[in-house]
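Q: One file is attached below, target09.cif, containing mmCIF, N, CA and C atoms.
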```cif
data_coords
loop_
_atom_site.label_atom_id
_atom_site.label_comp_id
_atom_site.auth_asym_id
_atom_site.auth_seq_id
_atom_site.Cartn_x
_atom_site.Cartn_y
_atom_site.Cartn_z
N MET A 1 -24.90 -15.41 -1.59
CA MET A 1 -23.69 -15.22 -2.37
C MET A 1 -22.67 -16.27 -1.93
N LYS A 2 -21.99 -16.83 -2.90
CA LYS A 2 -21.01 -17.86 -2.59
C LYS A 2 -19.75 -17.24 -1.99
N THR A 3 -18.88 -18.10 -1.50
CA THR A 3 -17.71 -17.65 -0.74
C THR A 3 -16.74 -16.83 -1.59
N ALA A 4 -16.37 -17.32 -2.76
CA ALA A 4 -15.35 -16.64 -3.58
C ALA A 4 -15.78 -15.23 -4.00
N PRO A 5 -16.99 -15.06 -4.55
CA PRO A 5 -17.40 -13.69 -4.91
C PRO A 5 -17.49 -12.76 -3.69
N LEU A 6 -17.94 -13.31 -2.56
CA LEU A 6 -18.03 -12.50 -1.35
C LEU A 6 -16.64 -12.04 -0.89
N LEU A 7 -15.69 -12.97 -0.91
CA LEU A 7 -14.31 -12.59 -0.56
C LEU A 7 -13.75 -11.57 -1.55
N GLY A 8 -14.09 -11.74 -2.82
CA GLY A 8 -13.65 -10.79 -3.83
C GLY A 8 -14.21 -9.40 -3.62
N VAL A 9 -15.48 -9.32 -3.28
CA VAL A 9 -16.11 -8.02 -3.02
C VAL A 9 -15.48 -7.36 -1.80
N ILE A 10 -15.36 -8.12 -0.72
CA ILE A 10 -14.78 -7.56 0.51
C ILE A 10 -13.33 -7.14 0.27
N GLY A 11 -12.55 -8.00 -0.39
CA GLY A 11 -11.14 -7.67 -0.66
C GLY A 11 -10.98 -6.46 -1.54
N SER A 12 -11.80 -6.35 -2.58
CA SER A 12 -11.69 -5.19 -3.47
C SER A 12 -12.11 -3.90 -2.78
N LEU A 13 -13.14 -3.98 -1.94
CA LEU A 13 -13.55 -2.78 -1.20
C LEU A 13 -12.49 -2.36 -0.19
N LEU A 14 -11.90 -3.34 0.50
CA LEU A 14 -10.81 -3.00 1.43
C LEU A 14 -9.63 -2.38 0.69
N LEU A 15 -9.30 -2.94 -0.46
CA LEU A 15 -8.20 -2.42 -1.25
C LEU A 15 -8.49 -0.99 -1.70
N PHE A 16 -9.71 -0.73 -2.14
CA PHE A 16 -10.09 0.61 -2.59
C PHE A 16 -10.06 1.62 -1.45
N VAL A 17 -10.69 1.27 -0.34
CA VAL A 17 -10.76 2.19 0.81
C VAL A 17 -9.37 2.46 1.38
N SER A 18 -8.50 1.47 1.35
CA SER A 18 -7.17 1.64 1.94
C SER A 18 -6.32 2.66 1.21
N THR A 19 -6.64 2.97 -0.04
CA THR A 19 -5.87 3.99 -0.75
C THR A 19 -6.06 5.38 -0.15
N PHE A 20 -7.16 5.55 0.59
CA PHE A 20 -7.44 6.84 1.22
C PHE A 20 -7.06 6.87 2.70
N MET A 21 -6.60 5.74 3.22
CA MET A 21 -6.16 5.67 4.62
C MET A 21 -4.68 6.07 4.70
N PRO A 22 -4.25 6.54 5.85
CA PRO A 22 -2.83 6.89 5.99
C PRO A 22 -1.94 5.65 5.89
N ILE A 23 -0.92 5.72 5.03
CA ILE A 23 0.01 4.60 4.92
C ILE A 23 1.39 4.97 5.45
N LEU A 24 1.62 6.26 5.64
CA LEU A 24 2.94 6.72 6.07
C LEU A 24 2.77 7.91 6.99
N LYS A 25 3.54 7.93 8.07
CA LYS A 25 3.53 9.08 8.99
C LYS A 25 4.93 9.67 8.99
N VAL A 26 5.00 10.95 8.70
CA VAL A 26 6.26 11.68 8.63
C VAL A 26 6.25 12.77 9.69
N PRO A 27 7.30 12.82 10.53
CA PRO A 27 7.34 13.87 11.55
C PRO A 27 7.29 15.27 10.94
N LEU A 28 6.58 16.15 11.57
CA LEU A 28 6.39 17.55 11.18
C LEU A 28 5.59 17.72 9.90
N TYR A 29 5.20 16.63 9.25
CA TYR A 29 4.40 16.70 8.03
C TYR A 29 3.03 16.09 8.25
N GLY A 30 2.99 14.97 8.94
CA GLY A 30 1.73 14.30 9.20
C GLY A 30 1.62 13.00 8.43
N SER A 31 0.40 12.59 8.21
CA SER A 31 0.14 11.33 7.53
C SER A 31 -0.01 11.53 6.03
N ILE A 32 0.41 10.51 5.29
CA ILE A 32 0.32 10.52 3.83
C ILE A 32 -0.49 9.31 3.42
N ASN A 33 -1.46 9.51 2.53
CA ASN A 33 -2.20 8.36 2.02
C ASN A 33 -1.63 7.93 0.67
N TYR A 34 -2.08 6.79 0.19
CA TYR A 34 -1.54 6.22 -1.04
C TYR A 34 -2.06 6.95 -2.27
N PHE A 35 -3.20 7.56 -2.15
CA PHE A 35 -3.84 8.23 -3.28
C PHE A 35 -3.15 9.56 -3.62
N GLN A 36 -2.73 10.30 -2.61
CA GLN A 36 -2.02 11.57 -2.74
C GLN A 36 -2.70 12.53 -3.72
N ASN A 37 -4.00 12.72 -3.53
CA ASN A 37 -4.79 13.64 -4.36
C ASN A 37 -4.72 13.31 -5.84
N GLY A 38 -4.67 12.04 -6.18
CA GLY A 38 -4.65 11.61 -7.57
C GLY A 38 -3.28 11.57 -8.21
N LEU A 39 -2.22 11.81 -7.44
CA LEU A 39 -0.88 11.86 -8.01
C LEU A 39 -0.07 10.59 -7.76
N GLY A 40 -0.46 9.78 -6.81
CA GLY A 40 0.34 8.62 -6.43
C GLY A 40 -0.11 7.35 -7.11
N TYR A 41 0.53 6.26 -6.70
CA TYR A 41 0.18 4.95 -7.21
C TYR A 41 -1.17 4.46 -6.68
N GLY A 42 -1.75 5.21 -5.77
CA GLY A 42 -3.07 4.87 -5.27
C GLY A 42 -4.12 4.89 -6.36
N VAL A 43 -3.92 5.69 -7.39
CA VAL A 43 -4.84 5.72 -8.52
C VAL A 43 -4.84 4.37 -9.22
N VAL A 44 -3.64 3.80 -9.38
CA VAL A 44 -3.52 2.48 -10.01
C VAL A 44 -4.17 1.42 -9.13
N ILE A 45 -3.92 1.50 -7.82
CA ILE A 45 -4.51 0.53 -6.89
C ILE A 45 -6.03 0.67 -6.88
N ALA A 46 -6.55 1.88 -6.92
CA ALA A 46 -8.00 2.09 -6.96
C ALA A 46 -8.59 1.50 -8.24
N ALA A 47 -7.91 1.65 -9.35
CA ALA A 47 -8.39 1.07 -10.62
C ALA A 47 -8.37 -0.46 -10.55
N ILE A 48 -7.32 -1.01 -9.95
CA ILE A 48 -7.24 -2.47 -9.79
C ILE A 48 -8.36 -2.95 -8.87
N ALA A 49 -8.63 -2.20 -7.81
CA ALA A 49 -9.70 -2.58 -6.88
C ALA A 49 -11.06 -2.55 -7.56
N MET A 50 -11.31 -1.55 -8.39
CA MET A 50 -12.58 -1.48 -9.10
C MET A 50 -12.71 -2.61 -10.12
N THR A 51 -11.61 -2.95 -10.77
CA THR A 51 -11.61 -4.09 -11.70
C THR A 51 -11.91 -5.38 -10.94
N ALA A 52 -11.30 -5.54 -9.77
CA ALA A 52 -11.53 -6.72 -8.95
C ALA A 52 -12.99 -6.78 -8.49
N LEU A 53 -13.57 -5.63 -8.17
CA LEU A 53 -14.96 -5.59 -7.74
C LEU A 53 -15.89 -6.03 -8.87
N VAL A 54 -15.63 -5.54 -10.07
CA VAL A 54 -16.46 -5.94 -11.22
C VAL A 54 -16.31 -7.44 -11.47
N LEU A 55 -15.08 -7.95 -11.39
CA LEU A 55 -14.85 -9.38 -11.59
C LEU A 55 -15.55 -10.21 -10.52
N ALA A 56 -15.57 -9.71 -9.30
CA ALA A 56 -16.25 -10.43 -8.21
C ALA A 56 -17.75 -10.45 -8.43
N ILE A 57 -18.29 -9.35 -8.87
CA ILE A 57 -19.74 -9.28 -9.12
C ILE A 57 -20.12 -10.20 -10.28
N LEU A 58 -19.24 -10.27 -11.29
CA LEU A 58 -19.49 -11.15 -12.44
C LEU A 58 -19.12 -12.61 -12.15
N LYS A 59 -18.60 -12.86 -10.95
CA LYS A 59 -18.19 -14.20 -10.51
C LYS A 59 -17.09 -14.80 -11.37
N GLU A 60 -16.18 -13.96 -11.79
CA GLU A 60 -14.99 -14.40 -12.53
C GLU A 60 -13.86 -14.61 -11.54
N ASN A 61 -13.94 -15.69 -10.77
CA ASN A 61 -13.00 -15.93 -9.67
C ASN A 61 -11.58 -16.15 -10.14
N LEU A 62 -11.41 -16.73 -11.30
CA LEU A 62 -10.07 -17.05 -11.78
C LEU A 62 -9.22 -15.78 -11.93
N PHE A 63 -9.84 -14.69 -12.33
CA PHE A 63 -9.09 -13.46 -12.56
C PHE A 63 -8.84 -12.64 -11.30
N GLN A 64 -9.46 -13.04 -10.19
CA GLN A 64 -9.22 -12.34 -8.93
C GLN A 64 -7.76 -12.41 -8.52
N SER A 65 -7.14 -13.56 -8.75
CA SER A 65 -5.72 -13.71 -8.41
C SER A 65 -4.85 -12.79 -9.27
N ALA A 66 -5.26 -12.57 -10.50
CA ALA A 66 -4.49 -11.67 -11.38
C ALA A 66 -4.56 -10.23 -10.86
N THR A 67 -5.72 -9.81 -10.39
CA THR A 67 -5.81 -8.46 -9.84
C THR A 67 -5.02 -8.36 -8.54
N ALA A 68 -5.06 -9.42 -7.74
CA ALA A 68 -4.28 -9.42 -6.50
C ALA A 68 -2.79 -9.38 -6.80
N LEU A 69 -2.36 -10.12 -7.81
CA LEU A 69 -0.94 -10.12 -8.18
C LEU A 69 -0.51 -8.75 -8.69
N SER A 70 -1.33 -8.12 -9.51
CA SER A 70 -0.96 -6.80 -10.01
C SER A 70 -0.93 -5.77 -8.89
N ALA A 71 -1.85 -5.86 -7.94
CA ALA A 71 -1.83 -4.95 -6.79
C ALA A 71 -0.59 -5.20 -5.94
N THR A 72 -0.22 -6.47 -5.77
CA THR A 72 0.97 -6.81 -5.00
C THR A 72 2.22 -6.25 -5.64
N ILE A 73 2.29 -6.30 -6.96
CA ILE A 73 3.46 -5.76 -7.67
C ILE A 73 3.56 -4.25 -7.46
N VAL A 74 2.46 -3.54 -7.59
CA VAL A 74 2.48 -2.07 -7.41
C VAL A 74 2.82 -1.71 -5.97
N ILE A 75 2.20 -2.40 -5.01
CA ILE A 75 2.47 -2.12 -3.60
C ILE A 75 3.91 -2.48 -3.24
N GLY A 76 4.38 -3.61 -3.74
CA GLY A 76 5.76 -4.02 -3.48
C GLY A 76 6.76 -3.03 -4.06
N TYR A 77 6.49 -2.55 -5.27
CA TYR A 77 7.36 -1.55 -5.90
C TYR A 77 7.42 -0.28 -5.05
N THR A 78 6.28 0.16 -4.56
CA THR A 78 6.23 1.35 -3.72
C THR A 78 6.99 1.13 -2.41
N TYR A 79 6.80 -0.04 -1.81
CA TYR A 79 7.47 -0.34 -0.54
C TYR A 79 8.99 -0.37 -0.72
N VAL A 80 9.47 -1.00 -1.78
CA VAL A 80 10.91 -1.07 -2.03
C VAL A 80 11.46 0.34 -2.28
N ASN A 81 10.76 1.14 -3.05
CA ASN A 81 11.20 2.52 -3.29
C ASN A 81 11.24 3.33 -2.00
N PHE A 82 10.26 3.09 -1.12
CA PHE A 82 10.24 3.76 0.17
C PHE A 82 11.47 3.38 0.99
N GLN A 83 11.81 2.10 1.03
CA GLN A 83 12.97 1.66 1.79
C GLN A 83 14.26 2.23 1.23
N TYR A 84 14.38 2.26 -0.10
CA TYR A 84 15.57 2.87 -0.72
C TYR A 84 15.65 4.37 -0.40
N ALA A 85 14.52 5.05 -0.43
CA ALA A 85 14.52 6.49 -0.14
C ALA A 85 14.95 6.75 1.30
N ILE A 86 14.50 5.93 2.23
CA ILE A 86 14.90 6.09 3.63
C ILE A 86 16.40 5.83 3.78
N ASP A 87 16.91 4.79 3.13
CA ASP A 87 18.34 4.49 3.20
C ASP A 87 19.18 5.61 2.59
N ASP A 88 18.73 6.14 1.45
CA ASP A 88 19.44 7.27 0.83
C ASP A 88 19.42 8.50 1.73
N LEU A 89 18.29 8.74 2.36
CA LEU A 89 18.17 9.87 3.27
C LEU A 89 19.12 9.73 4.45
N ARG A 90 19.20 8.53 5.01
CA ARG A 90 20.12 8.27 6.13
C ARG A 90 21.58 8.52 5.72
N SER A 91 21.98 7.97 4.59
CA SER A 91 23.37 8.13 4.17
C SER A 91 23.68 9.59 3.82
N GLU A 92 22.72 10.28 3.22
CA GLU A 92 22.91 11.69 2.90
C GLU A 92 23.04 12.53 4.17
N MET A 93 22.23 12.22 5.17
CA MET A 93 22.30 12.95 6.43
C MET A 93 23.63 12.70 7.16
N GLN A 94 24.14 11.49 7.06
CA GLN A 94 25.43 11.20 7.71
C GLN A 94 26.56 12.00 7.08
N VAL A 95 26.49 12.20 5.78
CA VAL A 95 27.53 12.97 5.09
C VAL A 95 27.39 14.46 5.37
N LYS A 96 26.17 14.97 5.27
CA LYS A 96 25.95 16.41 5.40
C LYS A 96 26.00 16.91 6.83
N LEU A 97 25.73 16.05 7.80
CA LEU A 97 25.67 16.50 9.18
C LEU A 97 26.88 16.05 10.00
N VAL A 98 28.02 15.88 9.35
CA VAL A 98 29.22 15.45 10.07
C VAL A 98 29.63 16.49 11.10
N SER A 99 29.62 17.75 10.74
CA SER A 99 30.06 18.80 11.66
C SER A 99 28.88 19.48 12.37
N HIS A 100 27.70 18.98 12.20
CA HIS A 100 26.53 19.59 12.82
C HIS A 100 26.49 19.24 14.31
N PRO A 101 26.08 20.18 15.15
CA PRO A 101 26.08 19.90 16.59
C PRO A 101 24.99 18.93 17.05
N LEU A 102 23.93 18.77 16.26
CA LEU A 102 22.83 17.89 16.67
C LEU A 102 22.49 16.85 15.60
N PRO A 103 23.40 15.95 15.28
CA PRO A 103 23.06 14.94 14.27
C PRO A 103 22.01 13.94 14.75
N SER A 104 21.90 13.79 16.06
CA SER A 104 20.91 12.85 16.59
C SER A 104 19.48 13.34 16.33
N LEU A 105 19.30 14.66 16.17
CA LEU A 105 17.99 15.20 15.85
C LEU A 105 17.53 14.72 14.47
N ALA A 106 18.44 14.75 13.51
CA ALA A 106 18.11 14.27 12.17
C ALA A 106 17.83 12.78 12.19
N ASP A 107 18.62 12.02 12.97
CA ASP A 107 18.39 10.58 13.07
C ASP A 107 17.02 10.29 13.67
N SER A 108 16.64 11.03 14.68
CA SER A 108 15.33 10.79 15.30
C SER A 108 14.20 11.18 14.35
N MET A 109 14.41 12.19 13.52
CA MET A 109 13.40 12.57 12.53
C MET A 109 13.22 11.46 11.50
N ILE A 110 14.31 10.90 11.04
CA ILE A 110 14.24 9.81 10.07
C ILE A 110 13.63 8.57 10.71
N ASP A 111 14.00 8.29 11.96
CA ASP A 111 13.43 7.14 12.66
C ASP A 111 11.95 7.32 12.93
N GLY A 112 11.48 8.57 12.92
CA GLY A 112 10.07 8.85 13.16
C GLY A 112 9.17 8.56 11.97
N ILE A 113 9.74 8.28 10.80
CA ILE A 113 8.95 7.94 9.62
C ILE A 113 8.46 6.50 9.79
N LYS A 114 7.16 6.32 9.85
CA LYS A 114 6.58 5.02 10.14
C LYS A 114 5.49 4.66 9.13
N ILE A 115 5.34 3.36 8.91
CA ILE A 115 4.24 2.85 8.09
C ILE A 115 2.99 2.79 8.97
N GLU A 116 1.87 3.23 8.44
CA GLU A 116 0.62 3.30 9.20
C GLU A 116 -0.32 2.15 8.84
N TYR A 117 -1.50 2.17 9.45
CA TYR A 117 -2.45 1.07 9.35
C TYR A 117 -3.05 0.88 7.96
N GLY A 118 -3.04 1.89 7.13
CA GLY A 118 -3.58 1.75 5.78
C GLY A 118 -2.87 0.69 4.97
N PHE A 119 -1.58 0.54 5.23
CA PHE A 119 -0.79 -0.48 4.54
C PHE A 119 -1.27 -1.87 4.92
N GLY A 120 -1.58 -2.08 6.19
CA GLY A 120 -2.09 -3.37 6.65
C GLY A 120 -3.45 -3.69 6.06
N VAL A 121 -4.34 -2.69 6.01
CA VAL A 121 -5.67 -2.90 5.42
C VAL A 121 -5.52 -3.25 3.94
N MET A 122 -4.58 -2.60 3.27
CA MET A 122 -4.31 -2.89 1.87
C MET A 122 -3.87 -4.34 1.67
N MET A 123 -2.99 -4.80 2.57
CA MET A 123 -2.50 -6.18 2.48
C MET A 123 -3.61 -7.19 2.76
N ILE A 124 -4.51 -6.88 3.69
CA ILE A 124 -5.64 -7.77 3.95
C ILE A 124 -6.54 -7.86 2.71
N GLY A 125 -6.77 -6.73 2.05
CA GLY A 125 -7.56 -6.74 0.82
C GLY A 125 -6.92 -7.59 -0.26
N VAL A 126 -5.60 -7.48 -0.41
CA VAL A 126 -4.89 -8.27 -1.42
C VAL A 126 -4.97 -9.76 -1.09
N ILE A 127 -4.79 -10.10 0.18
CA ILE A 127 -4.87 -11.51 0.59
C ILE A 127 -6.27 -12.07 0.31
N LEU A 128 -7.30 -11.30 0.61
CA LEU A 128 -8.66 -11.75 0.33
C LEU A 128 -8.89 -11.95 -1.17
N LEU A 129 -8.30 -11.09 -1.98
CA LEU A 129 -8.43 -11.26 -3.44
C LEU A 129 -7.70 -12.53 -3.90
N PHE A 130 -6.53 -12.80 -3.34
CA PHE A 130 -5.82 -14.04 -3.66
C PHE A 130 -6.67 -15.26 -3.29
N VAL A 131 -7.22 -15.24 -2.09
CA VAL A 131 -8.04 -16.36 -1.62
C VAL A 131 -9.29 -16.51 -2.51
N ALA A 132 -9.90 -15.39 -2.88
CA ALA A 132 -11.08 -15.44 -3.75
C ALA A 132 -10.75 -16.08 -5.09
N GLY A 133 -9.55 -15.83 -5.58
CA GLY A 133 -9.15 -16.45 -6.84
C GLY A 133 -8.84 -17.92 -6.72
N LEU A 134 -8.48 -18.38 -5.53
CA LEU A 134 -8.12 -19.78 -5.34
C LEU A 134 -9.28 -20.66 -4.90
N VAL A 135 -10.30 -20.07 -4.29
CA VAL A 135 -11.45 -20.84 -3.79
C VAL A 135 -12.32 -21.26 -4.97
N ARG A 136 -12.69 -22.51 -4.97
CA ARG A 136 -13.59 -23.02 -6.00
C ARG A 136 -14.91 -23.41 -5.35
N ASP A 137 -15.95 -22.65 -5.65
CA ASP A 137 -17.29 -22.93 -5.10
C ASP A 137 -18.01 -23.95 -5.96
#
```
Let me see whether you can do it: turn the structure in this file into structure tokens.
A:
Amino acid sequence: MKTAPLLGVIGSLLLFVSTFMPILKVPLYGSINYFQNGLGYGVVIAAIAMTALVLAILKENLFQSATALSATIVIGYTYVNFQYAIDDLRSEMQVKLVSHPLPSLADSMIDGIKIEYGFGVMMIGVILLFVAGLVRD
């Protein structure tokens, strides 16, 4: 198998599998994956990954970059919304917990929300899809 289709297959599989990996850790709740039992944007990413896999198998390298770009747009949109939600939560907590005796507890809970390794695996898959679209065998 040539380099571009191989990169496309690996990238699409990483992108697909990463939708089921934890992308967010929330204190007292646990880890959240991108798929969210079929309710999240992980469904869109999984569909993009399957499209990329079919394109890689058919050796349509030119369109691999299009799938990578569409996945990047969806992931970027989710990331920006996540950052806005965290900022809104912080400002809301500052207003509501002015007279609360333990405002630092709420701050530590918000600070405990972290991005997990699934996001990194997703980005590696997208990068491989971009490279697959750019490589000319």
Q: Excluding Glu60 of chain A and any residue of its chain fewer than 6 positions from it, enumerate the residues within 8 Å of it, using only N, CA and C atoms, and give them as an MDAnalysis selection string.
A: chainID A and resid 4:5 54 132:133
Q: Any idea what the distance is between atom C of Ile113 of chain A and atom N of Gly30 of chain A?
A: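 Taking atom C of Ile113 of chain A and atom N of Gly30 of chain A, their separation equals 10.1 Å.
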Q: Would you mind reading off the distance between atom CA of Val44 of chain A and atom CA of Asp88 of chain A, one decimal, in Å?
A: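 Pair atom CA of Val44 of chain A / atom CA of Asp88 of chain A returns 25.8 Å.
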Q: Check segment 6-127 of chain A with DSSP on the backbone and list each residue it calls strand (DSSP E), as a list in words.
A: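 Here are the strand (DSSP E) residues of segment 6-127 of chain A: Pro22, Ile23, Leu24, Lys25, Val26, Gly30, Ser31, Ile32, Asn33, Lys114 and Ile115 of chain A.
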Q: Which residue, A:Ile124, A:Ala56, A:Met93, A:Leu13, has the smallest gap to Ser108 of chain A when you use only C-alpha atoms?
A: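 Nearest candidate to Ser108 of chain A out of A:Ile124, A:Ala56, A:Met93, A:Leu13: A:Met93.
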Q: With a distance cut-off of 8 Å and all atoms listed in the file, select the neighbouring residues of Gly120 of chain A, excluding the residue or stretch itself and same-chain residues fewer than 6 positions from it, and output the selection as a list of chain:residue names.
A: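 Answer for this query is A:Ser18, A:Pro22, A:Ile23, A:Val126.
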Q: Output the selection as a PDB file, in the coordinates of the input - N, CA and C atoms for each residue.
A:
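Just written: part13.pdb:
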```pdb
ATOM      1  N   SER A  18      -8.500   1.470   1.350  1.00  0.00           N
ATOM      2  CA  SER A  18      -7.170   1.640   1.940  1.00  0.00           C
ATOM      3  C   SER A  18      -6.320   2.660   1.210  1.00  0.00           C
ATOM      4  N   PRO A  22      -4.250   6.540   5.850  1.00  0.00           N
ATOM      5  CA  PRO A  22      -2.830   6.890   5.990  1.00  0.00           C
ATOM      6  C   PRO A  22      -1.940   5.650   5.890  1.00  0.00           C
ATOM      7  N   ILE A  23      -0.920   5.720   5.030  1.00  0.00           N
ATOM      8  CA  ILE A  23       0.010   4.600   4.920  1.00  0.00           C
ATOM      9  C   ILE A  23       1.390   4.970   5.450  1.00  0.00           C
ATOM     10  N   VAL A 126      -5.600  -7.480  -0.410  1.00  0.00           N
ATOM     11  CA  VAL A 126      -4.890  -8.270  -1.420  1.00  0.00           C
ATOM     12  C   VAL A 126      -4.970  -9.760  -1.090  1.00  0.00           C
TER      13      VAL A 126
END
```
Q: Just say which residues the PyMOL selection byres (((chain A and resi 6 and name CA) around 10) and name CA) picks in this file, as an MDAnalysis selection string.
A: chainID A and resid 1:5 7:12 53 56:57 59 128:129 132
Q: How far is it from atom CA of Thr51 of chain A to atom CA of Tyr77 of chain A, in Å with one decimal?
A: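 Computed distance, atom CA of Thr51 of chain A to atom CA of Tyr77 of chain A, equals 20.0 Å.
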Q: Quick one: which residues end up in the PyMOL selection byres ((chain A and resi 26) around 8) for this structure, as a list of chain:residue names?
A: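 This file, filtered by the PyMOL selection byres ((chain A and resi 26) around 8), leaves A:Ile23, A:Leu24, A:Lys25, A:Pro27, A:Leu28, A:Tyr29, A:Gly30, A:Ser31, A:Ile32, A:Met109, A:Gly112, A:Ile113, A:Lys114, A:Ile115.
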Q: Can you spit out the residues from that selection as a tab-separated table (two decimals), keeping the file's coordinate frame, using N, CA and C atoms?
A:
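selection-v7.tsv, written as the output of this step:
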```tsv
chain	number	residue	atom	x	y	z
A	23	ILE	N	-0.92	5.72	5.03
A	23	ILE	CA	0.01	4.60	4.92
A	23	ILE	C	1.39	4.97	5.45
A	24	LEU	N	1.62	6.26	5.64
A	24	LEU	CA	2.94	6.72	6.07
A	24	LEU	C	2.77	7.91	6.99
A	25	LYS	N	3.54	7.93	8.07
A	25	LYS	CA	3.53	9.08	8.99
A	25	LYS	C	4.93	9.67	8.99
A	27	PRO	N	7.30	12.82	10.53
A	27	PRO	CA	7.34	13.87	11.55
A	27	PRO	C	7.29	15.27	10.94
A	28	LEU	N	6.58	16.15	11.57
A	28	LEU	CA	6.39	17.55	11.18
A	28	LEU	C	5.59	17.72	9.90
A	29	TYR	N	5.20	16.63	9.25
A	29	TYR	CA	4.40	16.70	8.03
A	29	TYR	C	3.03	16.09	8.25
A	30	GLY	N	2.99	14.97	8.94
A	30	GLY	CA	1.73	14.30	9.20
A	30	GLY	C	1.62	13.00	8.43
A	31	SER	N	0.40	12.59	8.21
A	31	SER	CA	0.14	11.33	7.53
A	31	SER	C	-0.01	11.53	6.03
A	32	ILE	N	0.41	10.51	5.29
A	32	ILE	CA	0.32	10.52	3.83
A	32	ILE	C	-0.49	9.31	3.42
A	109	MET	N	14.41	12.19	13.52
A	109	MET	CA	13.40	12.57	12.53
A	109	MET	C	13.22	11.46	11.50
A	112	GLY	N	11.48	8.57	12.92
A	112	GLY	CA	10.07	8.85	13.16
A	112	GLY	C	9.17	8.56	11.97
A	113	ILE	N	9.74	8.28	10.80
A	113	ILE	CA	8.95	7.94	9.62
A	113	ILE	C	8.46	6.50	9.79
A	114	LYS	N	7.16	6.32	9.85
A	114	LYS	CA	6.58	5.02	10.14
A	114	LYS	C	5.49	4.66	9.13
A	115	ILE	N	5.34	3.36	8.91
A	115	ILE	CA	4.24	2.85	8.09
A	115	ILE	C	2.99	2.79	8.97
```
Q: Skip Ile45 of chain A itself and residues of its chain fewer than 5 positions away, then list as an MDAnalysis selection string all residues within 12 Å of it, counting only C-alpha atoms.
A: chainID A and resid 12:20 34:35 38:40 50:52 67:76 78 122:123 125:126
Q: If the box runs along x, y and z of the file and leaves 8 Å on each side of segment 27-33 of chain A, what are its centre and edge lengths in Å, one decimal, as AutoDock Vina command-line options?
A:
```
--center_x 2.6 --center_y 12.8 --center_z 6.1 --size_x 25.5 --size_y 25.8 --size_z 26.9
```
